[in-house]
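K.L.:
Input structure: my_file_38.cif, which contains mmCIF, C-alpha atoms.
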```
data_work
#
loop_
_atom_site.label_atom_id
_atom_site.label_comp_id
_atom_site.auth_asym_id
_atom_site.auth_seq_id
_atom_site.Cartn_x
_atom_site.Cartn_y
_atom_site.Cartn_z
CA GLY A 1 64.48 8.47 -39.42
CA ALA A 2 65.41 8.73 -35.78
CA GLY A 3 62.34 6.88 -34.56
CA VAL A 4 58.95 5.53 -35.56
CA SER A 5 56.75 8.33 -36.79
CA GLN A 6 52.96 8.20 -36.92
CA SER A 7 50.54 10.66 -38.43
CA PRO A 8 48.23 12.22 -37.73
CA ARG A 9 48.64 12.36 -33.96
CA TYR A 10 44.94 13.05 -33.53
CA LYS A 11 42.03 12.27 -35.81
CA VAL A 12 38.36 13.00 -35.29
CA ALA A 13 36.04 11.18 -37.67
CA LYS A 14 32.31 11.19 -38.04
CA ARG A 15 30.70 7.79 -37.78
CA GLY A 16 30.69 6.17 -41.19
CA GLN A 17 33.77 8.01 -42.47
CA ASP A 18 36.85 6.22 -43.74
CA VAL A 19 40.21 7.02 -42.13
CA ALA A 20 43.83 6.28 -42.98
CA LEU A 21 46.59 6.20 -40.38
CA ARG A 22 50.21 6.32 -41.42
CA CYS A 23 53.31 4.75 -39.90
CA ASP A 24 56.91 5.51 -40.89
CA PRO A 25 59.09 2.83 -39.28
CA ILE A 26 62.77 3.11 -38.51
CA SER A 27 64.76 2.73 -41.72
CA GLY A 28 65.88 -0.85 -42.28
CA HIS A 29 63.41 -2.39 -39.87
CA VAL A 30 61.94 -5.53 -41.38
CA SER A 31 59.15 -6.15 -38.89
CA LEU A 32 56.20 -3.81 -38.45
CA PHE A 33 53.29 -4.21 -36.06
CA TRP A 34 50.02 -2.38 -35.50
CA TYR A 35 48.28 -2.34 -32.11
CA GLN A 36 44.99 -0.91 -30.88
CA GLN A 37 44.88 0.57 -27.38
CA ALA A 38 41.43 1.30 -25.97
CA LEU A 39 41.13 3.81 -23.14
CA GLY A 40 42.46 2.37 -19.89
CA GLN A 41 43.64 -0.85 -21.51
CA GLY A 42 46.87 -2.34 -22.74
CA PRO A 43 47.62 -2.43 -26.47
CA GLU A 44 46.16 -5.31 -28.44
CA PHE A 45 47.84 -6.77 -31.51
CA LEU A 46 46.18 -6.08 -34.85
CA THR A 47 48.54 -7.14 -37.62
CA TYR A 48 52.16 -7.89 -38.55
CA PHE A 49 54.28 -7.26 -41.64
CA GLN A 50 57.62 -8.73 -42.60
CA ASN A 51 58.85 -6.33 -45.25
CA GLU A 52 55.87 -5.94 -47.60
CA ALA A 53 54.24 -9.25 -46.70
CA GLN A 54 51.36 -9.20 -44.24
CA LEU A 55 52.04 -12.43 -42.39
CA ASP A 56 49.50 -12.14 -39.61
CA LYS A 57 46.25 -10.22 -39.55
CA SER A 58 44.54 -12.31 -36.92
CA GLY A 59 43.97 -9.32 -34.63
CA LEU A 60 42.03 -7.16 -37.06
CA PRO A 61 38.59 -6.83 -35.45
CA SER A 62 36.53 -6.77 -38.63
CA ASP A 63 36.75 -6.61 -42.39
CA ARG A 64 36.46 -2.84 -42.09
CA PHE A 65 40.11 -2.81 -41.03
CA PHE A 66 42.76 -3.07 -43.70
CA ALA A 67 46.54 -2.58 -43.55
CA GLU A 68 49.20 -2.39 -46.19
CA ARG A 69 52.94 -1.88 -46.55
CA PRO A 70 53.44 -1.97 -50.31
CA GLU A 71 57.15 -1.18 -50.51
CA GLY A 72 58.21 -2.68 -47.23
CA SER A 73 58.66 0.63 -45.43
CA VAL A 74 55.71 2.99 -44.78
CA SER A 75 52.52 1.31 -43.64
CA THR A 76 48.94 2.51 -43.67
CA LEU A 77 46.10 1.25 -41.50
CA LYS A 78 42.74 1.99 -43.05
CA ILE A 79 39.42 1.80 -41.26
CA GLN A 80 36.30 1.92 -43.38
CA ARG A 81 32.89 3.10 -42.20
CA THR A 82 34.22 4.02 -38.74
CA GLN A 83 32.11 3.21 -35.70
CA GLN A 84 32.27 4.55 -32.14
CA GLU A 85 33.91 1.37 -30.86
CA ASP A 86 36.84 2.10 -33.18
CA SER A 87 37.80 5.04 -30.95
CA ALA A 88 41.23 4.20 -29.55
CA VAL A 89 44.92 4.93 -29.85
CA TYR A 90 46.54 3.10 -32.74
CA LEU A 91 50.19 2.29 -32.13
CA CYS A 92 52.75 1.25 -34.69
CA ALA A 93 56.00 -0.52 -33.80
CA SER A 94 58.96 -1.66 -35.85
CA SER A 95 61.95 -3.92 -35.21
CA LEU A 96 64.95 -5.37 -37.00
CA GLY A 97 63.48 -8.85 -36.77
CA PRO A 98 60.94 -11.06 -35.01
CA HIS A 99 62.47 -11.06 -31.53
CA SER A 100 64.45 -7.86 -31.64
CA GLU A 101 63.49 -4.84 -29.56
CA ALA A 102 60.33 -3.21 -30.85
CA PHE A 103 60.34 0.58 -31.09
CA PHE A 104 56.98 2.27 -30.85
CA GLY A 105 55.62 5.45 -32.34
CA GLN A 106 53.57 7.95 -30.37
CA GLY A 107 50.35 6.63 -31.81
CA THR A 108 47.31 8.14 -33.44
CA ARG A 109 44.35 8.91 -31.19
CA LEU A 110 41.20 8.25 -33.19
CA THR A 111 37.91 9.61 -31.91
CA VAL A 112 34.74 8.65 -33.75
CA VAL A 113 31.80 10.97 -33.08
CA ALA B 1 46.13 -18.74 -25.18
CA GLN B 2 48.58 -16.62 -23.28
CA THR B 3 47.30 -14.03 -20.82
CA VAL B 4 49.01 -11.32 -18.79
CA THR B 5 47.55 -9.99 -15.53
CA GLN B 6 48.53 -6.84 -13.69
CA SER B 7 46.55 -6.72 -10.48
CA GLN B 8 47.50 -3.20 -9.38
CA PRO B 9 45.65 -0.56 -11.41
CA GLU B 10 47.40 2.29 -9.57
CA MET B 11 50.37 2.70 -7.26
CA SER B 12 52.21 5.59 -5.74
CA VAL B 13 55.66 5.95 -4.23
CA GLN B 14 57.67 8.72 -2.66
CA GLU B 15 60.63 10.05 -4.56
CA ALA B 16 63.83 8.09 -3.79
CA GLU B 17 61.88 5.13 -2.41
CA THR B 18 61.53 1.66 -3.94
CA VAL B 19 58.38 0.26 -5.51
CA THR B 20 57.46 -3.13 -6.93
CA LEU B 21 54.90 -3.66 -9.69
CA SER B 22 53.33 -7.10 -10.03
CA CYS B 23 52.68 -9.18 -13.12
CA THR B 24 51.55 -12.75 -13.60
CA TYR B 25 51.12 -14.60 -16.85
CA ASP B 26 49.66 -17.83 -18.06
CA THR B 27 51.21 -19.97 -20.77
CA SER B 28 51.89 -23.57 -21.59
CA GLU B 29 54.91 -22.61 -23.71
CA SER B 30 58.50 -22.98 -22.55
CA ASN B 31 60.08 -20.60 -25.08
CA TYR B 32 59.03 -17.03 -24.42
CA TYR B 33 60.14 -13.53 -23.48
CA LEU B 34 58.80 -11.10 -20.90
CA PHE B 35 58.98 -7.32 -20.97
CA TRP B 36 58.16 -4.23 -18.98
CA TYR B 37 57.23 -1.15 -21.00
CA LYS B 38 56.75 2.40 -19.77
CA GLN B 39 54.13 4.64 -21.39
CA PRO B 40 54.33 8.32 -20.37
CA PRO B 41 51.57 10.80 -21.31
CA SER B 42 53.23 11.21 -24.70
CA ARG B 43 51.87 7.70 -25.41
CA GLN B 44 55.14 6.34 -26.77
CA MET B 45 55.91 2.90 -25.37
CA ILE B 46 59.47 2.66 -24.09
CA LEU B 47 61.14 -0.64 -23.30
CA VAL B 48 62.28 -0.75 -19.68
CA ILE B 49 63.57 -4.29 -19.33
CA ARG B 50 63.47 -7.67 -21.06
CA GLN B 51 63.80 -11.22 -19.74
CA GLU B 52 64.30 -14.41 -21.72
CA ALA B 53 62.47 -17.33 -20.10
CA TYR B 54 65.43 -19.66 -20.49
CA LYS B 55 67.65 -17.40 -18.43
CA GLN B 56 67.56 -18.04 -14.69
CA GLN B 57 69.31 -14.80 -13.81
CA ASN B 58 67.01 -11.86 -13.24
CA ALA B 59 67.48 -8.98 -15.68
CA THR B 60 68.61 -5.58 -14.41
CA GLU B 61 68.89 -2.19 -16.08
CA ASN B 62 70.28 0.50 -13.80
CA ARG B 63 67.51 1.28 -11.25
CA PHE B 64 65.16 -1.30 -12.75
CA SER B 65 65.25 -5.00 -11.95
CA VAL B 66 62.89 -7.92 -12.21
CA ASN B 67 62.01 -10.86 -10.02
CA PHE B 68 61.30 -13.66 -12.49
CA GLN B 69 59.68 -16.68 -10.87
CA LYS B 70 59.15 -19.11 -13.73
CA ALA B 71 57.35 -21.83 -11.80
CA ALA B 72 54.95 -19.32 -10.30
CA LYS B 73 54.64 -17.50 -13.65
CA SER B 74 55.38 -14.23 -11.95
CA PHE B 75 57.40 -11.32 -13.33
CA SER B 76 57.54 -8.30 -11.03
CA LEU B 77 59.37 -5.04 -11.68
CA LYS B 78 61.32 -3.27 -8.95
CA ILE B 79 62.15 0.39 -9.35
CA SER B 80 64.78 1.65 -6.93
CA ASP B 81 65.47 5.28 -6.05
CA SER B 82 62.23 6.36 -7.75
CA GLN B 83 62.39 9.60 -9.70
CA LEU B 84 59.65 12.02 -10.72
CA GLY B 85 60.30 11.04 -14.34
CA ASP B 86 59.28 7.48 -13.57
CA THR B 87 55.66 8.62 -13.34
CA ALA B 88 53.88 6.75 -16.16
CA MET B 89 51.78 3.73 -17.07
CA TYR B 90 53.75 0.50 -16.85
CA PHE B 91 52.79 -2.49 -18.96
CA CYS B 92 53.94 -6.05 -18.56
CA ALA B 93 54.09 -7.95 -21.87
CA PHE B 94 54.60 -11.51 -23.09
CA MET B 95 56.05 -12.70 -26.38
CA TYR B 96 55.90 -16.32 -27.48
CA GLY B 97 59.30 -17.39 -28.83
CA GLY B 98 57.72 -19.09 -31.82
CA SER B 99 55.75 -16.03 -32.84
CA GLN B 100 56.62 -13.25 -35.25
CA GLY B 101 57.26 -11.00 -32.31
CA ASN B 102 53.81 -9.68 -31.46
CA LEU B 103 53.36 -8.73 -27.83
CA ILE B 104 50.53 -9.59 -25.43
CA PHE B 105 50.09 -6.81 -22.90
CA GLY B 106 48.54 -6.58 -19.47
CA LYS B 107 46.13 -3.77 -18.59
CA GLY B 108 48.83 -1.67 -17.00
CA THR B 109 49.67 -0.09 -13.67
CA LYS B 110 49.59 3.69 -13.28
CA LEU B 111 52.60 4.69 -11.19
CA SER B 112 52.78 8.10 -9.56
CA VAL B 113 56.04 9.26 -7.99
CA LYS B 114 55.39 11.96 -5.38
CA PRO B 115 57.95 14.61 -4.38
#
```
Could I get this structure in the form of structure tokens?
P.N.:
Amino acid sequence: GAGVSQSPRYKVAKRGQDVALRCDPISGHVSLFWYQQALGQGPEFLTYFQNEAQLDKSGLPSDRFFAERPEGSVSTLKIQRTQQEDSAVYLCASSLGPHSEAFFGQGTRLTVV
Amino acid sequence: AQTVTQSQPEMSVQEAETVTLSCTYDTSESNYYLFWYKQPPSRQMILVIRQEAYKQQNATENRFSVNFQKAAKSFSLKISDSQLGDTAMYFCAFMYGGSQGNLIFGKGTKLSVKP
């Protein structure tokens, strides 16, 4: 595609619900990153994929967060049993390689009520 | 651990004037990259400018330039001839050269360009 696409753009979840956020990276991009951006803050790294391999998940805040990229293209970030502190914008970025320019999607704004 | 500090939560500038946004960082690494990203209300992060730490020359991109002071660990962004479309959040970011490419961001500076 022309850019990184994320869906949905907005998601409201009741506390305790599971949610799934989707990221379609730029075709051919090997590297894929997920970030969490709380209100009024800068993005914080969650996890990194190189093709289908999840090489770094050190930023995932709890075991309720799970990410996958099974075929090395589309990625899904899943949050189980959502809590209010999970409310944030979730940004996805992709790049050709580790130190190439990262292109960001428009993010998914998750609100947990 | 690397940290990035942006000490100006908000700034404003008149259209056509020049503004400088500040950023300092802390690292013990010698191989790293620094970035300025723009985030308009659409939320999409857009790369403004990039600087490799090993390069002494300051990066420039049209109206955007940086003042990279490696010893002081300072990386400020200068926007010349400010335009209304420059209104956005600006984030300074650090990338360790030995990493997979994940970015460490500051808290951002909200820039308003006034007509």
K.L.:
Please evaluate the PyMOL selection byres ((chain B) within 8 of (chain A)) against the displayed coordinates and give the resulting residues as a list in words.
P.N.:
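With the shown file as input, the PyMOL selection byres ((chain B) within 8 of (chain A)) matches Ser42, Arg43, Gln44, Met45, Ile46, Leu47, Phe91, Gly97, Ser99, Gln100, Gly101, Asn102, Leu103, Ile104, Phe105, Gly106, Lys107 and Gly108 of chain B.
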K.L.:
Which value, in Å to one decimal, gives the distance between atom CA of B:Glu52 and atom CA of B:Pro40?
P.N.:
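Interatomic distance here is 24.9 Å.
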K.L.:
The residues within 6 Å of (53.2, 4.0, -5.3), using all atoms listed in the file and the coordinates of the file, should be reported as a PDB file with C-alpha atoms, in the frame of the given file; which are they?
P.N.:
```pdb
ATOM      1  CA  MET B  11      50.370   2.700  -7.260  1.00  0.00           C
ATOM      2  CA  SER B  12      52.210   5.590  -5.740  1.00  0.00           C
ATOM      3  CA  VAL B  13      55.660   5.950  -4.230  1.00  0.00           C
ATOM      4  CA  LEU B 111      52.600   4.690 -11.190  1.00  0.00           C
ATOM      5  CA  SER B 112      52.780   8.100  -9.560  1.00  0.00           C
TER       6      SER B 112
END
```
K.L.:
Select, from A:Ala20, A:Ala13, A:Val113, A:Ser5, the residue with the minimum atom-to-atom distance to A:Phe66, counting all atoms listed in the file.
P.N.:
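Counting all atoms listed in the file, the residue closest to A:Phe66 is A:Ala20.
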K.L.:
What's the separation between atom CA of A:Arg81 and atom CA of A:Asp24, in Å to one decimal place?
P.N.:
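So the answer is 24.2 Å.
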K.L.:
Rounded to one decimal in Å, what is the spacing between atom CA of B:Trp36 and atom CA of A:Asn51?
P.N.:
26.4 Å
K.L.:
Running the PyMOL selection byres ((chain A and resi 73) around 9) on this model by hand, what would come out? Give it as a PyMOL selection string.
P.N.:
chain A and resi 23-30+32+51-52+69-72+74-75
K.L.:
Just the residues within 8 Å of stretch 31-34 of chain B, please, counting all atoms listed in the file, with nothing from its chain fewer than 6 positions along; format it as a ChimeraX atom specification.
P.N.:
/B:50-54,75,92-98
K.L.:
I'd like the contact shell of B:Ser82 - 10 Å cut-off, all atoms listed in the file, skipping same-chain residues fewer than 2 positions apart - returned as a PDB file with C-alpha atoms, in the coordinates of the input.
P.N.:
```pdb
ATOM      1  CA  VAL B  13      55.660   5.950  -4.230  1.00  0.00           C
ATOM      2  CA  GLN B  14      57.670   8.720  -2.660  1.00  0.00           C
ATOM      3  CA  GLU B  15      60.630  10.050  -4.560  1.00  0.00           C
ATOM      4  CA  ALA B  16      63.830   8.090  -3.790  1.00  0.00           C
ATOM      5  CA  GLU B  17      61.880   5.130  -2.410  1.00  0.00           C
ATOM      6  CA  THR B  18      61.530   1.660  -3.940  1.00  0.00           C
ATOM      7  CA  VAL B  19      58.380   0.260  -5.510  1.00  0.00           C
ATOM      8  CA  ARG B  63      67.510   1.280 -11.250  1.00  0.00           C
ATOM      9  CA  PHE B  64      65.160  -1.300 -12.750  1.00  0.00           C
ATOM     10  CA  LYS B  78      61.320  -3.270  -8.950  1.00  0.00           C
ATOM     11  CA  ILE B  79      62.150   0.390  -9.350  1.00  0.00           C
ATOM     12  CA  SER B  80      64.780   1.650  -6.930  1.00  0.00           C
ATOM     13  CA  LEU B  84      59.650  12.020 -10.720  1.00  0.00           C
ATOM     14  CA  GLY B  85      60.300  11.040 -14.340  1.00  0.00           C
ATOM     15  CA  ASP B  86      59.280   7.480 -13.570  1.00  0.00           C
ATOM     16  CA  THR B  87      55.660   8.620 -13.340  1.00  0.00           C
ATOM     17  CA  SER B 112      52.780   8.100  -9.560  1.00  0.00           C
ATOM     18  CA  VAL B 113      56.040   9.260  -7.990  1.00  0.00           C
ATOM     19  CA  LYS B 114      55.390  11.960  -5.380  1.00  0.00           C
ATOM     20  CA  PRO B 115      57.950  14.610  -4.380  1.00  0.00           C
TER      21      PRO B 115
END
```
K.L.:
When the PyMOL selection byres ((chain B and resi 76) around 12) is applied to the file above, which residues end up in the set, as a VMD selection string?
P.N.:
chain B and resid 4 to 8 19 to 25 34 to 36 49 to 51 58 to 60 64 to 70 72 to 75 77 to 79 90 to 93 109
K.L.:
Can you pull out every residue within 8 Å of A:Leu21, counting all atoms listed in the file, but drop anything in the same chain fewer than 2 positions away, and send it as a list in words?
P.N.:
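Listing them by chain and then by number gives Gln6, Ser7, Pro8, Val19, Cys23, Thr76, Leu77, Lys78 and Thr108 of chain A.
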K.L.:
Which of these, A:Ala88, A:Leu60, A:Ile79, A:Ala2, has the shortest distance to A:Ala38 once you count only C-alpha atoms?
P.N.:
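The closest residue to A:Ala38 is A:Ala88.
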